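S.K.: Here you go, one structure.
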Amino acid sequence: MFKFITQRSFFVNLLVAIALLLLIAFVFFFSLGAITKHNETVTVPSVTGKTLADATSLLQQREFNVSVQDSVYIDSLAPLTIVKQSPESQTVVKTNRTIYLTVNRSTPPLIDMPDLRGYSYRSAQMFLESLGLKMGSITYTPDIARNAVKDQLLNGKTITPGTKVPLSTAIDLVLGNGLGNTQLTVPDLVGLTVAQAKEYLSGDNIGIGVILTEGAVTDTADAYIIKQNPETTTQLPTGEDVPNHIRPGQLMDIWISTAPPAPKDSTAISPNQ
């Protein structure tokens, strides 16, 4: 059977083997382009914004394979809309290439509602956005903590922390308006120094607003208050003086001078009476 090999010299057999190897290599490399479809390329069409069904149909018509790689949720897009594709449109690739798609989910994922009570308005807004929730309407309630979150609402009802809510849900917030519920009689600051007045008012969470000077005042803290707004009383048309009121969180404007005011009338109403 192998006489045709054994009857030839080693040199001749070597040449035949080399020729066969060259022939096999030539056939392989000649057919490699056909096997890999080296010269068969196609441009990837844009399917972003199309429905999954339309995108799949279009890609398969152009001999692409289709694979849904990931999903996200964007409330402004229709369900199962193509959000992203890879390779991107206008990319030149070989035929039968797989196009990976990211689609918009048909239902939003659920997340745990955080506890925003006590947060400032800005911090609560940033926290909501980081979780994929939205800021709804803002209302105010009397509270000394201005712009602090006092309650969190969904559809007009308090939503407790840990409740599952859909992504992109709008959460309404109730903020403190910086004013307390309690009404106090306006304190009489006339005759006090600015430092004394600030210490006195701090107990009721009332602040000093505008400070106006009369004459040259170099040391505001030791200057005397000679006038204030609001005043302690209001005179009715009947001549009767009634006490004015102020709430915690409000401010009082004062006029100051280096000289103390004239002695007060002994009938004046004392603070918080």
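For the structure tokens, the naming scheme is as follows: chains receive sequential letters (A, B, ...) according to their order of presentation, residues are indexed from 1 within each chain, and ligands are indexed from 1 in presentation order.
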For A:Ala148, please output as a list in words all residues within 7 Å (counting only C-alpha atoms; exclusion window: fewer than 5 positions along the same chain).
M.R.: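 The residues satisfying every condition are Gly118, Tyr119, Ser120, Tyr121, Leu175 and Gly176 of chain A.
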S.K.: Take the residues from that selection and put them in a file with C-alpha atoms, as a PDB file, in the first residue's frame.
M.R.:
ATOM      1  CA  GLY A 118     -35.667  66.868  59.732  1.00  0.00           C
ATOM      2  CA  TYR A 119     -33.777  67.337  56.467  1.00  0.00           C
ATOM      3  CA  SER A 120     -33.424  70.799  54.989  1.00  0.00           C
ATOM      4  CA  TYR A 121     -35.360  71.409  51.780  1.00  0.00           C
ATOM      5  CA  LEU A 175     -41.801  72.454  55.409  1.00  0.00           C
ATOM      6  CA  GLY A 176     -41.546  74.633  58.483  1.00  0.00           C
TER       7      GLY A 176
END
S.K.: Select, from A:Thr169, A:Gln196, A:Gln250, A:Thr160, the residue with the minimum atom-to-atom distance to A:Ile225, counting only C-alpha atoms.
M.R.: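 Closest to A:Ile225 of all the choices is A:Gln196.
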S.K.: Using DSSP secondary structure from the backbone, list all helix (DSSP H, G or I) positions within stretch 111-215 of chain A, as a list in words.
M.R.: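 Taking stretch 111-215 of chain A and keeping helix (DSSP H, G or I) gives Tyr121, Arg122, Ser123, Ala124, Gln125, Met126, Phe127, Leu128, Glu129, Ser130, Leu131, Val194, Ala195, Gln196, Ala197, Lys198, Glu199, Tyr200, Leu201 and Ser202 of chain A.
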S.K.: Calculated over only C-alpha atoms, which of the candidates A:Gly136, A:Lys198, A:Asn181, A:Asp115 has the smallest distance to A:Lys150?
M.R.: A:Asp115
S.K.: State, in Å with one decimal place, the distance from atom CA of A:Leu192 to atom CA of A:Gln235.
M.R.: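 That distance, rounded to one decimal, is 23.3 Å.
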S.K.: Which residues are near A:Ala221? Cut-off 7 Å, only C-alpha atoms, ignore same chain within fewer than 5 positions. Put them as a list in words.
M.R.: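 Final neighbour list, sorted by chain and number: Thr193, Val194 and Ala195 of chain A.
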S.K.: Grab the residues selected above and save them as a PDB file, in the first residue's frame with N, CA and C atoms.
M.R.:
ATOM      1  N   THR A 193     -29.346  97.705  76.010  1.00  0.00           N
ATOM      2  CA  THR A 193     -28.302  97.711  75.002  1.00  0.00           C
ATOM      3  C   THR A 193     -28.614  96.607  73.984  1.00  0.00           C
ATOM      4  N   VAL A 194     -27.951  96.681  72.835  1.00  0.00           N
ATOM      5  CA  VAL A 194     -28.182  95.671  71.807  1.00  0.00           C
ATOM      6  C   VAL A 194     -27.799  94.286  72.321  1.00  0.00           C
ATOM      7  N   ALA A 195     -26.698  94.174  73.040  1.00  0.00           N
ATOM      8  CA  ALA A 195     -26.271  92.892  73.596  1.00  0.00           C
ATOM      9  C   ALA A 195     -27.303  92.352  74.565  1.00  0.00           C
TER      10      ALA A 195
END
S.K.: Nearest to A:Ala53: which of A:Ile74, A:Ile254, A:Val66, A:Leu23 is it, counting only C-alpha atoms?
M.R.: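 Checking each candidate against A:Ala53, we get A:Val66 as the closest.
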S.K.: Please, what distance in Å, to one decimal, runs between atom CA of A:Thr258 and atom CA of A:Asn244?
M.R.: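 Separating atom CA of A:Thr258 from atom CA of A:Asn244 is a distance of 27.2 Å.
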S.K.: Residues within 6 Å of A:Thr43, please, as number ranges by chain. Count only C-alpha atoms; anything in the same chain fewer than 3 positions from it doesn't count.
M.R.: A: 90-92
S.K.: Would you work out the distance separating atom CA of A:Pro109 from atom CA of A:Lys164, expressed in Å to one decimal?
M.R.: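 Answer for the atom CA of A:Pro109 to atom CA of A:Lys164 separation: 9.5 Å.
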